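The structure file entry.txt is reproduced below (compact mmCIF, C-alpha atoms).
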# COMPACT_ATOMS: atom_id res chain seq x y z
CA MET E 4 -1.22 -24.63 -9.05
CA LYS E 5 1.84 -22.68 -10.17
CA VAL E 6 2.02 -18.86 -10.15
CA LEU E 7 4.76 -16.63 -11.53
CA TRP E 8 4.60 -13.55 -9.26
CA ILE E 9 6.30 -10.37 -10.57
CA SER E 10 6.77 -7.38 -8.27
CA PRO E 11 8.65 -4.05 -8.25
CA LYS E 12 9.46 -4.66 -4.57
CA LEU E 13 10.74 -7.59 -2.60
CA PRO E 14 7.90 -8.22 -0.10
CA TYR E 15 10.32 -8.53 2.82
CA PRO E 16 10.63 -6.85 5.21
CA PRO E 17 6.86 -6.10 5.10
CA GLU E 18 7.35 -2.43 6.01
CA SER E 19 4.87 -0.71 3.70
CA GLY E 20 1.31 -1.33 2.56
CA ASP E 21 1.96 -3.07 -0.74
CA LYS E 22 4.79 -5.17 0.72
CA LEU E 23 2.60 -6.18 3.67
CA ARG E 24 -0.12 -7.25 1.28
CA GLN E 25 2.17 -9.27 -0.93
CA PHE E 26 3.99 -10.90 1.98
CA ASN E 27 0.80 -12.01 3.70
CA LEU E 28 -0.97 -13.20 0.55
CA ILE E 29 2.10 -15.20 -0.50
CA ARG E 30 2.37 -16.62 3.04
CA HIS E 31 -1.24 -17.79 3.05
CA LEU E 32 -1.33 -18.96 -0.56
CA SER E 33 1.91 -20.94 -0.30
CA SER E 34 0.23 -23.95 1.32
CA GLY E 35 -1.56 -24.71 -1.94
CA VAL E 36 0.29 -22.69 -4.59
CA ASP E 37 3.84 -23.06 -5.89
CA ILE E 38 5.07 -19.48 -6.32
CA SER E 39 8.11 -18.34 -8.29
CA LEU E 40 8.82 -14.76 -7.19
CA ILE E 41 10.62 -12.17 -9.32
CA ALA E 42 11.21 -8.84 -7.56
CA PHE E 43 13.35 -5.74 -7.66
CA ALA E 44 15.65 -4.82 -4.78
CA LEU E 45 16.16 -1.07 -4.42
CA THR E 46 19.28 -1.38 -2.25
CA LYS E 47 22.09 -3.91 -2.08
CA GLU E 48 21.13 -4.61 1.54
CA GLU E 49 17.61 -5.48 0.42
CA GLU E 50 18.85 -8.26 -1.84
CA VAL E 51 19.93 -10.37 1.13
CA GLN E 52 16.36 -10.27 2.45
CA SER E 53 15.22 -12.58 -0.34
CA LYS E 54 16.04 -15.59 1.82
CA HIS E 55 13.08 -14.69 4.05
CA MET E 56 10.72 -15.32 1.13
CA GLU E 57 12.19 -18.72 0.30
CA GLN E 58 10.14 -20.41 3.03
CA TYR E 59 6.99 -19.44 1.09
CA CYS E 60 8.21 -19.46 -2.53
CA GLY E 61 9.69 -22.33 -4.51
CA LYS E 62 12.07 -19.85 -6.13
CA VAL E 63 13.01 -16.21 -5.47
CA ARG E 64 14.96 -14.10 -7.96
CA THR E 65 15.84 -10.45 -7.30
CA PHE E 66 17.19 -7.78 -9.64
CA PHE E 67 18.92 -4.67 -8.33
CA SER E 68 17.49 -1.31 -9.38
CA PRO E 69 18.99 1.85 -7.82
CA ASN E 70 16.72 4.76 -6.94
CA PRO E 71 17.41 7.81 -9.18
CA SER E 72 17.23 11.45 -8.13
CA TYR E 73 14.38 13.80 -9.11
CA VAL E 74 16.61 15.42 -11.75
CA GLU E 75 17.25 12.01 -13.30
CA ARG E 76 13.53 11.29 -13.14
CA ILE E 77 12.71 14.53 -14.96
CA ARG E 78 15.30 13.72 -17.62
CA SER E 79 13.77 10.28 -18.09
CA ILE E 80 10.17 11.45 -18.28
CA LEU E 81 11.09 14.17 -20.81
CA THR E 82 12.87 11.69 -23.10
CA THR E 83 10.52 8.67 -23.00
CA GLY E 84 6.95 8.20 -24.14
CA ASN E 85 5.86 5.98 -21.26
CA PRO E 86 5.18 7.17 -17.71
CA TYR E 87 8.37 7.47 -15.69
CA TYR E 88 7.63 4.58 -13.35
CA VAL E 89 7.01 2.28 -16.31
CA SER E 90 10.42 3.14 -17.77
CA ARG E 91 12.01 3.06 -14.32
CA TYR E 92 11.41 -0.66 -13.89
CA GLN E 93 12.09 -1.84 -17.43
CA ASP E 94 15.07 -4.18 -17.63
CA LEU E 95 15.97 -6.41 -20.57
CA ALA E 96 17.51 -8.96 -18.20
CA VAL E 97 14.25 -9.20 -16.26
CA ALA E 98 12.20 -9.64 -19.44
CA ALA E 99 14.55 -12.41 -20.61
CA TYR E 100 14.39 -14.12 -17.21
CA ILE E 101 10.58 -14.03 -17.26
CA ARG E 102 10.52 -15.73 -20.64
CA ASP E 103 12.99 -18.39 -19.44
CA GLU E 104 11.06 -18.96 -16.22
CA ILE E 105 7.79 -19.46 -18.08
CA GLU E 106 9.46 -22.08 -20.25
CA THR E 107 11.07 -23.94 -17.33
CA PHE E 108 8.62 -23.36 -14.46
CA GLN E 109 5.50 -23.73 -16.64
CA PRO E 110 3.23 -21.56 -14.45
CA ASP E 111 -0.53 -21.83 -14.67
CA LEU E 112 -0.80 -18.06 -14.54
CA VAL E 113 1.25 -14.87 -14.34
CA GLN E 114 0.52 -12.29 -11.61
CA ILE E 115 1.97 -8.78 -11.89
CA GLU E 116 1.90 -6.28 -9.03
CA HIS E 117 1.38 -2.58 -9.88
CA THR E 118 0.36 -0.98 -13.16
CA TYR E 119 3.87 0.22 -13.95
CA MET E 120 5.08 -3.39 -14.13
CA ALA E 121 2.43 -4.29 -16.73
CA GLU E 122 4.89 -3.76 -19.56
CA TYR E 123 6.43 -7.14 -18.76
CA LEU E 124 3.23 -8.88 -19.88
CA ARG E 125 3.76 -7.34 -23.31
CA LYS E 126 7.25 -8.85 -23.41
CA ILE E 127 5.92 -12.42 -23.18
CA PRO E 128 5.83 -14.10 -26.64
CA PRO E 129 2.42 -15.38 -27.82
CA ASP E 130 3.49 -19.01 -27.55
CA LEU E 131 4.27 -18.52 -23.83
CA GLU E 132 1.12 -16.60 -22.88
CA ARG E 133 -0.72 -17.61 -19.73
CA PRO E 134 -3.82 -16.37 -17.89
CA SER E 135 -2.76 -13.13 -16.23
CA ILE E 136 -3.62 -10.95 -13.24
CA LEU E 137 -2.73 -7.30 -12.68
CA THR E 138 -2.93 -6.22 -9.04
CA LYS E 139 -3.57 -2.48 -8.86
CA HIS E 140 -2.48 -1.15 -5.48
CA ASN E 141 -3.61 2.31 -6.64
CA ILE E 142 -5.42 3.94 -9.52
CA ASP E 143 -2.10 5.29 -10.73
CA ALA E 144 -3.27 8.19 -12.90
CA ASP E 145 -5.39 9.50 -10.03
CA LEU E 146 -2.50 9.08 -7.59
CA ALA E 147 -0.17 11.00 -9.93
CA LEU E 148 -2.71 13.85 -10.11
CA GLN E 149 -2.93 13.97 -6.31
CA ASN E 150 0.86 14.02 -6.05
CA TYR E 151 0.96 16.89 -8.56
CA ARG E 152 -1.39 18.86 -6.34
CA LEU E 153 0.72 18.10 -3.26
CA ALA E 154 4.11 18.80 -4.87
CA ASP E 155 5.98 21.58 -3.10
CA SER E 156 8.46 22.57 -5.82
CA SER E 157 8.30 23.43 -9.52
CA VAL E 158 10.48 20.42 -10.39
CA ARG E 159 8.17 18.03 -8.57
CA LYS E 160 5.10 19.67 -10.08
CA VAL E 161 6.51 19.22 -13.61
CA PHE E 162 7.37 15.61 -12.87
CA TRP E 163 3.97 14.66 -11.49
CA TRP E 164 2.03 16.63 -14.15
CA LEU E 165 3.84 14.73 -16.89
CA GLU E 166 3.38 11.44 -15.02
CA TRP E 167 -0.35 12.13 -14.67
CA LYS E 168 -0.81 12.93 -18.37
CA LYS E 169 1.14 9.89 -19.53
CA MET E 170 -0.41 7.50 -17.02
CA SER E 171 -3.91 8.68 -17.96
CA LEU E 172 -3.31 7.24 -21.43
CA TYR E 173 -1.16 4.26 -20.47
CA GLU E 174 -3.15 2.84 -17.56
CA PRO E 175 -6.52 2.16 -19.29
CA TYR E 176 -4.69 0.53 -22.20
CA VAL E 177 -2.59 -1.95 -20.20
CA ASP E 178 -5.40 -2.81 -17.80
CA ASN E 179 -7.26 -4.31 -20.74
CA LEU E 180 -4.37 -6.64 -21.61
CA PHE E 181 -4.91 -8.82 -18.53
CA SER E 182 -7.31 -11.70 -17.97
CA SER E 183 -8.30 -10.09 -14.66
CA VAL E 184 -7.59 -6.87 -12.80
CA VAL E 185 -7.56 -7.05 -9.00
CA VAL E 186 -8.13 -3.95 -6.87
CA MET E 187 -8.25 -3.25 -3.14
CA SER E 188 -11.76 -1.84 -2.80
CA GLU E 189 -15.18 -1.43 -4.38
CA ILE E 190 -14.39 2.28 -4.77
CA ASP E 191 -11.40 1.50 -6.99
CA LYS E 192 -13.46 -1.04 -8.94
CA ALA E 193 -16.20 1.52 -9.59
CA GLU E 194 -13.60 4.07 -10.73
CA ILE E 195 -12.21 1.63 -13.30
CA LEU E 196 -15.64 0.55 -14.53
CA ARG E 197 -16.55 4.19 -15.26
CA ARG E 198 -14.02 4.26 -18.10
CA LYS E 199 -15.17 4.23 -21.72
CA LYS E 200 -13.47 0.85 -22.24
CA PRO E 201 -13.08 -0.81 -18.83
CA PRO E 202 -11.44 -4.22 -18.36
CA SER E 203 -13.95 -7.02 -18.74
CA VAL E 204 -13.03 -8.63 -15.40
CA VAL E 205 -12.33 -6.56 -12.28
CA ASN E 206 -12.17 -8.38 -8.94
CA VAL E 207 -11.90 -6.95 -5.43
CA VAL E 208 -9.52 -8.60 -2.98
CA GLU E 209 -9.40 -6.42 0.10
CA ASN E 210 -6.37 -5.87 2.27
CA GLY E 211 -6.22 -7.58 5.64
CA VAL E 212 -4.44 -8.12 8.92
CA ASP E 213 -3.05 -11.09 10.80
CA THR E 214 -5.67 -11.25 13.56
CA VAL E 215 -3.89 -14.17 15.22
CA LYS E 216 -0.54 -12.42 15.52
CA LEU E 217 -1.93 -8.95 16.22
CA GLN E 218 -3.79 -9.19 19.52
CA PRO E 219 -5.36 -6.21 21.32
CA LEU E 220 -2.90 -4.33 23.50
CA ALA E 221 -3.64 -2.94 26.94
CA PRO E 222 -5.18 0.56 26.76
CA VAL E 223 -2.85 3.55 27.10
CA TYR E 224 -4.32 6.80 28.35
CA ASP E 225 -1.30 9.07 27.93
CA PRO E 226 -2.05 11.62 25.15
CA VAL E 227 0.29 10.09 22.58
CA MET E 228 -0.67 9.79 18.88
CA LEU E 229 0.88 7.42 16.38
CA PHE E 230 1.10 7.95 12.62
CA ILE E 231 2.61 5.09 10.63
CA GLY E 232 3.36 5.13 6.91
CA ALA E 233 6.09 5.12 4.29
CA LEU E 234 7.62 8.56 4.86
CA ASP E 235 9.09 8.76 1.37
CA TYR E 236 5.54 8.73 -0.07
CA LEU E 237 4.09 12.17 -0.85
CA PRO E 238 0.56 11.61 0.59
CA ASN E 239 2.10 10.38 3.87
CA GLN E 240 4.52 13.32 3.95
CA ASP E 241 1.60 15.71 3.49
CA ALA E 242 -0.34 13.92 6.25
CA ALA E 243 2.58 14.16 8.68
CA ASN E 244 2.95 17.90 7.99
CA TYR E 245 -0.79 18.45 8.30
CA LEU E 246 -0.82 16.63 11.64
CA CYS E 247 2.14 18.45 13.13
CA ARG E 248 1.47 21.96 11.83
CA ASP E 249 -2.32 22.27 11.66
CA ILE E 250 -3.81 19.74 14.10
CA PHE E 251 -1.26 19.30 16.88
CA PRO E 252 -1.20 22.96 18.05
CA LEU E 253 -4.96 22.68 18.71
CA ILE E 254 -4.44 19.58 20.83
CA LYS E 255 -1.58 21.14 22.81
CA LYS E 256 -3.95 23.82 24.06
CA SER E 257 -5.76 21.15 26.10
CA PHE E 258 -2.97 18.60 26.59
CA GLN E 259 0.39 20.22 27.18
CA ASN E 260 2.06 16.81 27.52
CA ALA E 261 0.67 15.48 24.21
CA GLY E 262 3.10 13.77 21.86
CA ILE E 263 3.34 12.38 18.34
CA LEU E 264 5.21 9.35 17.04
CA LEU E 265 5.91 9.47 13.29
CA VAL E 266 7.07 6.03 12.19
CA GLY E 267 7.93 4.82 8.70
CA ARG E 268 10.58 4.02 6.17
CA LYS E 269 12.95 6.56 4.65
CA PRO E 270 11.76 9.81 6.29
CA SER E 271 12.61 12.78 4.07
CA PRO E 272 14.69 15.70 5.39
CA GLU E 273 11.47 17.70 5.70
CA ILE E 274 9.87 14.99 7.86
CA LEU E 275 13.01 14.72 9.99
CA GLY E 276 12.71 18.48 10.46
CA LEU E 277 9.35 17.98 12.23
CA ALA E 278 11.11 16.33 15.16
CA SER E 279 10.92 18.20 18.46
CA GLU E 280 10.58 17.54 22.17
CA ALA E 281 6.96 16.51 21.52
CA VAL E 282 7.38 14.88 18.08
CA GLU E 283 9.52 11.79 17.56
CA VAL E 284 10.47 10.63 14.05
CA TRP E 285 11.47 6.99 13.63
CA GLY E 286 12.59 5.61 10.26
CA ASP E 287 13.06 2.03 9.05
CA VAL E 288 12.16 0.33 12.33
CA PRO E 289 12.22 -3.50 12.48
CA GLU E 290 8.80 -3.69 14.22
CA VAL E 291 5.95 -1.24 14.70
CA GLU E 292 4.20 -2.96 17.62
CA PRO E 293 6.44 -1.29 20.26
CA PHE E 294 5.20 2.08 19.02
CA TYR E 295 1.57 0.97 19.25
CA ARG E 296 2.31 0.00 22.86
CA ARG E 297 3.49 3.55 23.59
CA ALA E 298 0.62 5.32 21.84
CA SER E 299 -2.97 5.67 22.98
CA ILE E 300 -4.50 6.26 19.54
CA ALA E 301 -3.62 5.96 15.86
CA VAL E 302 -4.17 8.90 13.53
CA VAL E 303 -4.53 8.85 9.73
CA PRO E 304 -4.75 12.49 8.55
CA LEU E 305 -4.40 11.62 4.87
CA ARG E 306 -5.62 14.10 2.27
CA ALA E 307 -4.47 12.14 -0.80
CA GLY E 308 -3.74 8.59 -1.95
CA SER E 309 -5.78 5.58 -3.08
CA GLY E 310 -6.16 1.89 -2.32
CA SER E 311 -7.05 1.00 1.27
CA ARG E 312 -5.09 1.69 4.42
CA LEU E 313 -3.40 -1.22 6.11
CA LYS E 314 -2.34 1.16 8.88
CA ILE E 315 -5.99 1.53 9.93
CA LEU E 316 -6.63 -2.22 9.94
CA GLU E 317 -3.48 -2.87 11.98
CA ALA E 318 -4.47 -0.28 14.58
CA MET E 319 -7.98 -1.75 14.79
CA ALA E 320 -6.56 -5.24 15.31
CA LEU E 321 -4.21 -4.00 18.05
CA GLY E 322 -6.97 -2.26 19.98
CA ARG E 323 -5.90 1.28 19.21
CA PRO E 324 -8.81 3.58 18.31
CA VAL E 325 -8.34 5.46 15.05
CA VAL E 326 -9.06 9.03 14.03
CA SER E 327 -8.96 9.38 10.24
CA THR E 328 -9.92 11.72 7.47
CA THR E 329 -12.59 10.55 5.05
CA LYS E 330 -9.82 10.07 2.49
CA GLY E 331 -7.77 8.02 4.90
CA ALA E 332 -10.59 5.54 5.51
CA GLU E 333 -11.61 5.40 1.85
CA GLY E 334 -12.02 1.90 0.48
CA LEU E 335 -12.57 0.21 3.85
CA GLU E 336 -15.91 -1.18 4.96
CA ILE E 337 -15.75 0.41 8.39
CA GLU E 338 -18.30 2.62 10.09
CA ALA E 339 -17.51 6.10 11.38
CA GLY E 340 -18.54 6.50 15.00
CA LYS E 341 -18.31 2.77 15.67
CA ASP E 342 -15.06 1.48 14.15
CA PHE E 343 -13.23 4.83 14.07
CA LEU E 344 -13.80 8.56 14.34
CA ALA E 345 -13.89 10.55 11.10
CA ALA E 346 -12.86 14.19 10.78
CA ASP E 347 -11.50 16.31 7.94
CA ALA E 348 -11.00 19.89 9.15
CA PRO E 349 -8.13 20.50 11.62
CA ALA E 350 -10.47 21.63 14.43
CA ALA E 351 -12.74 18.59 14.01
CA PHE E 352 -9.77 16.23 13.81
CA ALA E 353 -8.28 17.70 16.99
CA GLU E 354 -11.63 17.53 18.77
CA SER E 355 -12.02 13.82 17.91
CA ILE E 356 -8.57 13.10 19.31
CA LYS E 357 -9.37 15.02 22.52
CA MET E 358 -12.63 13.06 22.92
CA LEU E 359 -10.70 9.79 22.93
CA PHE E 360 -8.19 11.19 25.41
CA ASN E 361 -11.00 12.38 27.72
CA GLU E 362 -13.58 9.58 27.47
CA PRO E 363 -12.40 6.07 28.44
CA GLY E 364 -15.83 4.64 27.61
CA LEU E 365 -15.68 5.93 24.03
CA TYR E 366 -12.08 4.72 23.75
CA GLN E 367 -13.10 1.19 24.77
CA ASN E 368 -16.24 1.08 22.62
CA ILE E 369 -14.36 2.12 19.47
CA SER E 370 -11.53 -0.31 20.18
CA SER E 371 -13.71 -3.36 20.83
CA HIS E 372 -16.07 -2.75 17.88
CA ALA E 373 -13.13 -2.20 15.52
CA ARG E 374 -11.45 -5.42 16.63
CA LYS E 375 -14.64 -7.37 15.94
CA THR E 376 -14.88 -5.80 12.48
CA VAL E 377 -11.37 -6.82 11.40
CA GLU E 378 -11.92 -10.35 12.69
CA GLU E 379 -15.10 -10.68 10.62
CA LYS E 380 -14.04 -8.89 7.43
CA TYR E 381 -10.33 -8.36 7.13
CA ASP E 382 -8.28 -11.39 8.10
CA TRP E 383 -5.58 -12.23 5.52
CA SER E 384 -6.91 -15.77 5.25
CA GLU E 385 -10.10 -14.39 3.69
CA ALA E 386 -8.12 -12.28 1.20
CA ALA E 387 -6.07 -15.35 0.24
CA ARG E 388 -9.25 -17.39 -0.20
CA LYS E 389 -10.61 -14.80 -2.64
CA MET E 390 -7.33 -14.70 -4.57
CA SER E 391 -7.24 -18.50 -4.78
CA ALA E 392 -10.78 -18.52 -6.16
CA ILE E 393 -9.71 -16.09 -8.89
CA TYR E 394 -6.81 -18.42 -9.76
CA ASP E 395 -9.21 -21.34 -10.08
CA ARG E 396 -11.63 -19.42 -12.32
CA LEU E 397 -8.90 -18.16 -14.62
CA CYS E 398 -7.30 -21.57 -15.01
CA ALA E 399 -10.69 -23.18 -15.65
CA THR E 400 -11.45 -20.73 -18.46
CA GLY E 401 -7.92 -20.48 -19.82
CA GLY E 402 -7.87 -16.79 -18.90
CA ARG E 403 -10.45 -15.83 -21.50
CA ARG E 404 -11.88 -12.39 -20.82

Rendering of file as structure tokens:
Amino acid sequence: MKVLWISPKLPYPPESGDKLRQFNLIRHLSSGVDISLIAFALTKEEEVQSKHMEQYCGKVRTFFSPNPSYVERIRSILTTGNPYYVSRYQDLAVAAYIRDEIETFQPDLVQIEHTYMAEYLRKIPPDLERPSILTKHNIDADLALQNYRLADSSVRKVFWWLEWKKMSLYEPYVDNLFSSVVVMSEIDKAEILRRKKPPSVVNVVENGVDTVKLQPLAPVYDPVMLFIGALDYLPNQDAANYLCRDIFPLIKKSFQNAGILLVGRKPSPEILGLASEAVEVWGDVPEVEPFYRRASIAVVPLRAGSGSRLKILEAMALGRPVVSTTKGAEGLEIEAGKDFLAADAPAAFAESIKMLFNEPGLYQNISSHARKTVEEKYDWSEAARKMSAIYDRLCATGGRR
């Protein structure tokens, strides 16, 4: 089996949700699938990381794509008909390379990660067409709408409003071009199937964790909370602000020595401004496990976003009980009260955190039940098995929808 895998991000280092997913699926699939990876590098330093993927891919080719400012983004979205992120990743050299690679590599199917990369399928000539998969890490129109609501400046609001309007038209159209659409959860699948003209094949391949590598850590009873996420992503920025400004003051009333660890790539100036004696901000760390060792619980105070949260599954695997909003746990088959504690209002969220600090029995029960759940439902090997089965079905039918 040969797969041409096209991504807007090099999956190494696996420092964010979509990169973690791609890295682990490629790692597990590589034993039976020959993968040719095409990915964008957003920094020159990132390009050198491609060698880490060569142990799992027969070929890795990266293309450099610098990250523009918001002003440049506004200019682009005002002057192009497609959503900004579609235009952002369009490159004639990439399209030409894809055509050449199909001719030389002769893949059995083409897999494209993220809706905004779907345009590359349209660049493939009819005589080179293959069965195709679009992996949707988010419902992008819905995510753009949520970002519009979260935007804290008029420039950002204009940007995300235009992105929402354009993506609302673009996304349903391109989804129907693929032999199969793959989403992270049954919730995302149901959302797509509610459309007037949904794709004919929508498969769910859940996210996962490496339950062999990630073993439960010893309990920590110091009142330290950990929030992990890409800190250049608006929903995570909103969650960090919500945690520090609305929830944390309520916890400090009972636990004067309480602390927060905010960990994730590219923290914005606003996130860096949250740092204090009680709040540590760590950006672009090589490993997150040392921070789990320091923290007693993981918190996911998300109020926006889509897909499913790898940060929750990682915490569950490592034996750290989780307090999450309903939105944060959306898309995961986990049970509130057994696998995690759910709370949405600041007072309820703070109270759930204090319960875990105060009740070792509850702490242990949540941790052990959550670990069992990820072992049974969310190991990456199971996600890879489901993806491999989709490959087999598509190749057997020639990708007919």

>> For a test of reading the model, state the distance in Å between atom CA of Arg312 of chain E and atom CA of Gly20 of chain E, rounded to one decimal.
In response: 7.3 Å

> Between E:Pro304, E:Gly340, E:Gly334, E:Pro129, which is the closest to Lys192 of chain E once you count all atoms listed in the file?
Replying inline: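 Of all the options, E:Gly334 lies closest to Lys192 of chain E.
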
> Within 12 Å of segment 150-165 of chain E, counting all atoms listed in the file, which residues qualify if same-chain residues fewer than 6 places away don't, as number ranges by chain?
Replying inline: E: 72-88, 143-144, 171-172, 236-242, 244-245, 273, 305-309

> Do you know which residues lie at most 12 Å from (4.6, -15.5, -24.3), with coordinates as in the file and only C-alpha atoms counted, and could you write them as a ChimeraX atom specification?
Replying inline: /E:98-99,101-106,109-110,112-113,123-135

Dump C-alpha atoms for the selected residues as a PDB file, keeping the file's coordinate frame?
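Final output, result.pdb:
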ATOM      1  CA  ALA E  98      12.200  -9.640 -19.440  1.00  0.00           C
ATOM      2  CA  ALA E  99      14.550 -12.410 -20.610  1.00  0.00           C
ATOM      3  CA  ILE E 101      10.580 -14.030 -17.260  1.00  0.00           C
ATOM      4  CA  ARG E 102      10.520 -15.730 -20.640  1.00  0.00           C
ATOM      5  CA  ASP E 103      12.990 -18.390 -19.440  1.00  0.00           C
ATOM      6  CA  GLU E 104      11.060 -18.960 -16.220  1.00  0.00           C
ATOM      7  CA  ILE E 105       7.790 -19.460 -18.080  1.00  0.00           C
ATOM      8  CA  GLU E 106       9.460 -22.080 -20.250  1.00  0.00           C
ATOM      9  CA  GLN E 109       5.500 -23.730 -16.640  1.00  0.00           C
ATOM     10  CA  PRO E 110       3.230 -21.560 -14.450  1.00  0.00           C
ATOM     11  CA  LEU E 112      -0.800 -18.060 -14.540  1.00  0.00           C
ATOM     12  CA  VAL E 113       1.250 -14.870 -14.340  1.00  0.00           C
ATOM     13  CA  TYR E 123       6.430  -7.140 -18.760  1.00  0.00           C
ATOM     14  CA  LEU E 124       3.230  -8.880 -19.880  1.00  0.00           C
ATOM     15  CA  ARG E 125       3.760  -7.340 -23.310  1.00  0.00           C
ATOM     16  CA  LYS E 126       7.250  -8.850 -23.410  1.00  0.00           C
ATOM     17  CA  ILE E 127       5.920 -12.420 -23.180  1.00  0.00           C
ATOM     18  CA  PRO E 128       5.830 -14.100 -26.640  1.00  0.00           C
ATOM     19  CA  PRO E 129       2.420 -15.380 -27.820  1.00  0.00           C
ATOM     20  CA  ASP E 130       3.490 -19.010 -27.550  1.00  0.00           C
ATOM     21  CA  LEU E 131       4.270 -18.520 -23.830  1.00  0.00           C
ATOM     22  CA  GLU E 132       1.120 -16.600 -22.880  1.00  0.00           C
ATOM     23  CA  ARG E 133      -0.720 -17.610 -19.730  1.00  0.00           C
ATOM     24  CA  PRO E 134      -3.820 -16.370 -17.890  1.00  0.00           C
ATOM     25  CA  SER E 135      -2.760 -13.130 -16.230  1.00  0.00           C
TER      26      SER E 135
END

>> When you count all atoms listed in the file, which of these residues is closest to Val184 of chain E: E:Leu246, E:Ile115, E:Leu229, E:Leu234?
In response: E:Ile115

> In Å to one decimal, how far is atom CA of Asn179 of chain E from atom CA of Ser68 of chain E?
Replying inline: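 Separation between atom CA of Ser68 of chain E and atom CA of Asn179 of chain E: 27.4 Å.
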